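Encoded as structure tokens, the structure appears first; notes follow it.
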Amino acid sequence: AMVAVQSVLGLVEPQSSGLGGGAFLVWYNSGTGHVTTLDGRETAPLATTPQHFQDSTGNPLKFFDAVIGGLSVGVPGVPALLGEAHQRWGKAKWSILFDDAIQLAEYGFVVTPRLANLVAGDKKRLARFGRTADYFFPNGKPISEGSVLKNLAYAETLKALASKGSSVFYGGAIAQDIVNTALTADGNPGLLSLQDLSIYTVKQREAVCTPY
């Protein structure tokens, strides 16, 4: 259920969730009472320095100057986290967990009021790059509440995950596309490399527990 829901959220709620981001997982075993946490957050590129988010004079970059583009892009952790969790605890067949998200991506989903409002309010930043401009502003206008939005590229990525496992995200064509996009971001290129993706691992950490 978690894998299926996450893959759908990445499509219908891209402002909050997605395969390109990171996540923590808290797993509770009701039989033993044991809590396991998995750290699937993004990691910084190996080439990162302490001056990563500073300008040429050593001053901190303004928030959106740092965020928009490739400079803030780290190694995505969500696909690896999904794969790790399924390997440990999954019962349903991995390949079928993406069916609903693939269907919604190919045939379209209904744009919610929240998504429409957020896209319209963030036009300056979303329209800066060709791919986001084409997707969120078809014919130059922001997607509207109630309209049907398709994402065929997302469907193809999910098909690759379904057939080849989460590792497909960290090597080959998908990884190369992520790196190329980060390195060639107009005006704000990043430092991500194929090595950064290839060495990514999910980490198990001790859960932080306290009475509440």
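Within each chain, counting starts at residue 1; across the structure tokens, chains are named A, B, ... in the order shown, with ligands numbered 1 upward in that order.
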List as a tab-separated table every residue of segment 72-185 of chain A that is in contact with segment 43-67 of chain A, defined as an atom at most 12 Å from one of its atoms (using only C-alpha atoms), together with the nearest atom pair and the distance in Å rounded to one decimal, sorted by chain and then rising number.
residue	atom	partner	partner_atom	distance
A:Ser72	CA	A:Val67	CA	5.2
A:Val73	CA	A:Ala44	CA	7.7
A:Gly74	CA	A:Ala44	CA	4.9
A:Val75	CA	A:Thr43	CA	5.2
A:Pro76	CA	A:Thr43	CA	7.4
A:Gly77	CA	A:Thr43	CA	7.8
A:Val78	CA	A:Thr43	CA	11.5
A:Asp122	CA	A:Phe64	CA	11.6
A:Lys124	CA	A:Phe64	CA	11.2
A:Arg125	CA	A:Phe64	CA	8.7
A:Leu126	CA	A:Phe64	CA	11.8
A:Val179	CA	A:Pro45	CA	10.6
A:Ala182	CA	A:Pro45	CA	11.1
A:Leu183	CA	A:Pro45	CA	11.6
A:Ala185	CA	A:Val67	CA	11.5
Each residue of segment 140-186 of chain A lying at most 10 Å from segment 10-33 of chain A should get a row with its shortest atom-to-atom pair and the distance in Å to one decimal, counting only C-alpha atoms; could you produce that, ordered by chain and increasing number, as a tab-separated table?
residue	atom	partner	partner_atom	distance
A:Leu149	CA	A:Val12	CA	9.0
A:Lys150	CA	A:Leu11	CA	9.0
A:Asn151	CA	A:Leu11	CA	7.7
A:Tyr154	CA	A:Leu11	CA	7.6
A:Ala155	CA	A:Leu11	CA	9.2
A:Thr157	CA	A:Leu19	CA	9.7
A:Leu158	CA	A:Leu19	CA	9.6
A:Phe169	CA	A:Leu19	CA	9.2
A:Ile178	CA	A:Gly20	CA	9.0
Discussion item. Give me the residues near Ala116 of chain A as a ChimeraX atom specification, where near means some atom within 12 Å (using only C-alpha atoms) and where sequence neighbours in that chain fewer than 3 positions away do not count.
Written reply: /A:12-15,110-113,119-123,136-137,141-149
Worksheet entry | Minimum-distance residue to Gly40 of chain A, chosen among A:Glu84, A:Leu192, A:Ile68, A:Ser198 (using only C-alpha atoms) |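 Of A:Glu84, A:Leu192, A:Ile68, A:Ser198, the one nearest Gly40 of chain A is A:Glu84, counting only C-alpha atoms.
As for atom CA of Leu81 of chain A and atom CA of Phe129 of chain A, they are spaced 28.4 Å apart.
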Practice prompt. Within 9 Å of segment 3-6 of chain A, counting only C-alpha atoms, which residues show up once you throw out same-chain ones fewer than 2 positions away? Write them as a list of chain:residue names, please.
Written response: A:Ala1, A:Val8, A:Leu9, A:Gly10, A:Leu11, A:Ser17, A:Gly18, A:Leu19, A:Val78, A:Leu82, A:Gly83, A:Ala85, A:His86, A:Trp94, A:Ile96, A:Leu97, A:Phe98, A:Asp99, A:Asp100, A:Ala101
Could you take the residues named above and write them with N, CA, C and O atoms, as a PDB file, in the first residue's frame?
ATOM      1  N   ALA A   1       0.833  -1.207   0.000  1.00  0.00           N
ATOM      2  CA  ALA A   1       0.000   0.000   0.000  1.00  0.00           C
ATOM      3  C   ALA A   1       0.861   1.249   0.000  1.00  0.00           C
ATOM      4  O   ALA A   1       0.584   2.218  -0.704  1.00  0.00           O
ATOM      5  N   VAL A   8       1.513   7.184  -6.578  1.00  0.00           N
ATOM      6  CA  VAL A   8       0.402   8.025  -7.008  1.00  0.00           C
ATOM      7  C   VAL A   8       0.588   9.465  -6.530  1.00  0.00           C
ATOM      8  O   VAL A   8       0.362  10.419  -7.276  1.00  0.00           O
ATOM      9  N   LEU A   9       1.028   9.621  -5.283  1.00  0.00           N
ATOM     10  CA  LEU A   9       1.240  10.973  -4.760  1.00  0.00           C
ATOM     11  C   LEU A   9       2.257  11.748  -5.588  1.00  0.00           C
ATOM     12  O   LEU A   9       2.114  12.950  -5.808  1.00  0.00           O
ATOM     13  N   GLY A  10       3.301  11.070  -6.054  1.00  0.00           N
ATOM     14  CA  GLY A  10       4.298  11.735  -6.870  1.00  0.00           C
ATOM     15  C   GLY A  10       3.726  12.304  -8.145  1.00  0.00           C
ATOM     16  O   GLY A  10       4.265  13.262  -8.709  1.00  0.00           O
ATOM     17  N   LEU A  11       2.617  11.743  -8.591  1.00  0.00           N
ATOM     18  CA  LEU A  11       1.931  12.230  -9.792  1.00  0.00           C
ATOM     19  C   LEU A  11       0.936  13.330  -9.475  1.00  0.00           C
ATOM     20  O   LEU A  11       0.976  14.403 -10.081  1.00  0.00           O
ATOM     21  N   SER A  17       5.423  15.751  -2.805  1.00  0.00           N
ATOM     22  CA  SER A  17       5.940  14.394  -2.731  1.00  0.00           C
ATOM     23  C   SER A  17       6.420  13.942  -4.101  1.00  0.00           C
ATOM     24  O   SER A  17       5.956  14.447  -5.126  1.00  0.00           O
ATOM     25  N   GLY A  18       7.358  12.989  -4.120  1.00  0.00           N
ATOM     26  CA  GLY A  18       7.775  12.492  -5.416  1.00  0.00           C
ATOM     27  C   GLY A  18       8.983  11.591  -5.363  1.00  0.00           C
ATOM     28  O   GLY A  18       9.699  11.520  -4.365  1.00  0.00           O
ATOM     29  N   LEU A  19       9.236  10.898  -6.469  1.00  0.00           N
ATOM     30  CA  LEU A  19      10.367   9.993  -6.567  1.00  0.00           C
ATOM     31  C   LEU A  19      11.697  10.738  -6.482  1.00  0.00           C
ATOM     32  O   LEU A  19      12.720  10.153  -6.142  1.00  0.00           O
ATOM     33  N   VAL A  78      13.740   8.307  -2.241  1.00  0.00           N
ATOM     34  CA  VAL A  78      12.444   7.628  -2.181  1.00  0.00           C
ATOM     35  C   VAL A  78      12.432   6.284  -2.917  1.00  0.00           C
ATOM     36  O   VAL A  78      11.971   5.276  -2.357  1.00  0.00           O
ATOM     37  N   LEU A  82      11.592   2.731  -0.990  1.00  0.00           N
ATOM     38  CA  LEU A  82      10.489   1.843  -1.350  1.00  0.00           C
ATOM     39  C   LEU A  82      11.000   0.427  -1.596  1.00  0.00           C
ATOM     40  O   LEU A  82      10.393  -0.547  -1.147  1.00  0.00           O
ATOM     41  N   GLY A  83      12.116   0.325  -2.310  1.00  0.00           N
ATOM     42  CA  GLY A  83      12.672  -0.991  -2.594  1.00  0.00           C
ATOM     43  C   GLY A  83      13.140  -1.703  -1.344  1.00  0.00           C
ATOM     44  O   GLY A  83      12.905  -2.906  -1.173  1.00  0.00           O
ATOM     45  N   ALA A  85      12.098  -1.206   1.800  1.00  0.00           N
ATOM     46  CA  ALA A  85      10.951  -1.565   2.636  1.00  0.00           C
ATOM     47  C   ALA A  85      10.229  -2.788   2.073  1.00  0.00           C
ATOM     48  O   ALA A  85       9.826  -3.691   2.820  1.00  0.00           O
ATOM     49  N   HIS A  86      10.087  -2.827   0.751  1.00  0.00           N
ATOM     50  CA  HIS A  86       9.404  -3.968   0.144  1.00  0.00           C
ATOM     51  C   HIS A  86      10.211  -5.242   0.311  1.00  0.00           C
ATOM     52  O   HIS A  86       9.664  -6.323   0.553  1.00  0.00           O
ATOM     53  N   TRP A  94       5.949  -6.896  -6.255  1.00  0.00           N
ATOM     54  CA  TRP A  94       6.458  -5.544  -6.523  1.00  0.00           C
ATOM     55  C   TRP A  94       5.932  -4.973  -7.842  1.00  0.00           C
ATOM     56  O   TRP A  94       5.518  -3.814  -7.918  1.00  0.00           O
ATOM     57  N   ILE A  96       3.279  -5.156  -9.519  1.00  0.00           N
ATOM     58  CA  ILE A  96       1.892  -4.703  -9.663  1.00  0.00           C
ATOM     59  C   ILE A  96       1.588  -3.454  -8.832  1.00  0.00           C
ATOM     60  O   ILE A  96       0.511  -2.871  -8.954  1.00  0.00           O
ATOM     61  N   LEU A  97       2.544  -3.037  -8.004  1.00  0.00           N
ATOM     62  CA  LEU A  97       2.274  -1.942  -7.070  1.00  0.00           C
ATOM     63  C   LEU A  97       2.202  -0.585  -7.747  1.00  0.00           C
ATOM     64  O   LEU A  97       1.748   0.396  -7.147  1.00  0.00           O
ATOM     65  N   PHE A  98       2.633  -0.502  -9.000  1.00  0.00           N
ATOM     66  CA  PHE A  98       2.659   0.775  -9.716  1.00  0.00           C
ATOM     67  C   PHE A  98       1.530   0.893 -10.741  1.00  0.00           C
ATOM     68  O   PHE A  98       1.444   1.890 -11.454  1.00  0.00           O
ATOM     69  N   ASP A  99       0.665  -0.127 -10.818  1.00  0.00           N
ATOM     70  CA  ASP A  99      -0.361  -0.166 -11.865  1.00  0.00           C
ATOM     71  C   ASP A  99      -1.287   1.041 -11.829  1.00  0.00           C
ATOM     72  O   ASP A  99      -1.589   1.651 -12.863  1.00  0.00           O
ATOM     73  N   ASP A 100      -1.771   1.398 -10.645  1.00  0.00           N
ATOM     74  CA  ASP A 100      -2.716   2.517 -10.541  1.00  0.00           C
ATOM     75  C   ASP A 100      -2.062   3.833 -10.945  1.00  0.00           C
ATOM     76  O   ASP A 100      -2.651   4.646 -11.656  1.00  0.00           O
ATOM     77  N   ALA A 101      -0.837   4.045 -10.483  1.00  0.00           N
ATOM     78  CA  ALA A 101      -0.136   5.288 -10.808  1.00  0.00           C
ATOM     79  C   ALA A 101       0.153   5.367 -12.303  1.00  0.00           C
ATOM     80  O   ALA A 101       0.039   6.442 -12.914  1.00  0.00           O
TER      81      ALA A 101
END
Distance query Ser166 of chain A at most 8 Å, only C-alpha atoms, self and fewer than 2 positions along chain excluded, as a PDB file with N, CA, C and O atoms, in the first residue's frame:
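Written out: result.pdb:
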ATOM      1  N   PRO A  79      12.921   6.190  -4.160  1.00  0.00           N
ATOM      2  CA  PRO A  79      12.870   4.877  -4.826  1.00  0.00           C
ATOM      3  C   PRO A  79      13.628   3.801  -4.055  1.00  0.00           C
ATOM      4  O   PRO A  79      13.141   2.672  -3.919  1.00  0.00           O
ATOM      5  N   ALA A  80      14.806   4.138  -3.549  1.00  0.00           N
ATOM      6  CA  ALA A  80      15.580   3.151  -2.785  1.00  0.00           C
ATOM      7  C   ALA A  80      14.862   2.761  -1.499  1.00  0.00           C
ATOM      8  O   ALA A  80      14.894   1.595  -1.088  1.00  0.00           O
ATOM      9  N   LEU A  82      11.592   2.731  -0.990  1.00  0.00           N
ATOM     10  CA  LEU A  82      10.489   1.843  -1.350  1.00  0.00           C
ATOM     11  C   LEU A  82      11.000   0.427  -1.596  1.00  0.00           C
ATOM     12  O   LEU A  82      10.393  -0.547  -1.147  1.00  0.00           O
ATOM     13  N   GLY A  83      12.116   0.325  -2.310  1.00  0.00           N
ATOM     14  CA  GLY A  83      12.672  -0.991  -2.594  1.00  0.00           C
ATOM     15  C   GLY A  83      13.140  -1.703  -1.344  1.00  0.00           C
ATOM     16  O   GLY A  83      12.905  -2.906  -1.173  1.00  0.00           O
ATOM     17  N   LEU A 161      10.637   1.060 -13.043  1.00  0.00           N
ATOM     18  CA  LEU A 161      10.733   0.655 -11.638  1.00  0.00           C
ATOM     19  C   LEU A 161      10.010  -0.664 -11.403  1.00  0.00           C
ATOM     20  O   LEU A 161      10.506  -1.539 -10.696  1.00  0.00           O
ATOM     21  N   ALA A 162       8.828  -0.792 -11.987  1.00  0.00           N
ATOM     22  CA  ALA A 162       8.020  -1.996 -11.782  1.00  0.00           C
ATOM     23  C   ALA A 162       8.709  -3.234 -12.341  1.00  0.00           C
ATOM     24  O   ALA A 162       8.674  -4.312 -11.735  1.00  0.00           O
ATOM     25  N   LYS A 164      12.099  -3.561 -13.294  1.00  0.00           N
ATOM     26  CA  LYS A 164      13.520  -3.771 -13.007  1.00  0.00           C
ATOM     27  C   LYS A 164      13.911  -3.506 -11.559  1.00  0.00           C
ATOM     28  O   LYS A 164      15.065  -3.709 -11.182  1.00  0.00           O
ATOM     29  N   VAL A 168      16.995   0.576 -10.769  1.00  0.00           N
ATOM     30  CA  VAL A 168      16.999   1.167 -12.109  1.00  0.00           C
ATOM     31  C   VAL A 168      17.092   2.687 -12.045  1.00  0.00           C
ATOM     32  O   VAL A 168      17.518   3.346 -12.994  1.00  0.00           O
ATOM     33  N   PHE A 169      16.707   3.242 -10.902  1.00  0.00           N
ATOM     34  CA  PHE A 169      16.710   4.692 -10.713  1.00  0.00           C
ATOM     35  C   PHE A 169      18.121   5.226 -10.495  1.00  0.00           C
ATOM     36  O   PHE A 169      18.370   6.418 -10.667  1.00  0.00           O
ATOM     37  N   TYR A 170      19.038   4.367 -10.126  1.00  0.00           N
ATOM     38  CA  TYR A 170      20.368   4.808  -9.676  1.00  0.00           C
ATOM     39  C   TYR A 170      21.492   4.456 -10.645  1.00  0.00           C
ATOM     40  O   TYR A 170      22.670   4.535 -10.305  1.00  0.00           O
TER      41      TYR A 170
END
Item to complete: Grab the atom CA of Glu42 of chain A to atom CA of Arg88 of chain A distance for me, in Å with one decimal place.
Response: 20.7 Å
Item to complete: List every residue of segment 8-75 of chain A that DSSP, applied to the backbone of this structure, places in strand (DSSP E), and write the result as a VMD selection string.
Response: chain A and resid 23 to 28 35 to 40
For C-alpha atoms, I'd like the residues from the last selection saved as a compact mmCIF listing (two decimals), in the first residue's frame.
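File result32.txt, as written:
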# COMPACT_ATOMS: atom_id res chain seq x y z
CA ALA A 23 11.62 10.25 3.08
CA PHE A 24 11.80 8.58 6.47
CA LEU A 25 9.93 5.37 7.21
CA VAL A 26 8.81 4.36 10.67
CA TRP A 27 7.86 0.67 10.84
CA TYR A 28 6.07 -0.71 13.90
CA VAL A 35 10.08 0.12 15.98
CA THR A 36 12.40 0.31 12.97
CA THR A 37 13.22 3.53 11.14
CA LEU A 38 14.72 3.75 7.67
CA ASP A 39 16.45 6.91 6.50
CA GLY A 40 15.76 7.49 2.82
Item to complete: For atom CA of Gln204 of chain A and atom CA of Lys91 of chain A, quote the distance in Å rounded to one decimal.
Response: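 Separating atom CA of Gln204 of chain A from atom CA of Lys91 of chain A is a distance of 20.4 Å.
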Worksheet item: Which residue gives the smallest distance to Lys203 of chain A among A:Arg41, A:His34, A:Met2, A:Phe109, with only C-alpha atoms counted?
Response: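 Of A:Arg41, A:His34, A:Met2, A:Phe109, the one nearest Lys203 of chain A, counting only C-alpha atoms, is A:Arg41.
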Practice prompt. Identify all residues of segment 65-141 of chain A in helix (DSSP H, G or I) (DSSP on the backbone) and supply them as a ChimeraX atom specification.
Written response: /A:65-67,78-89,94-96,99-107,113-121,123-126,130-136,138-140
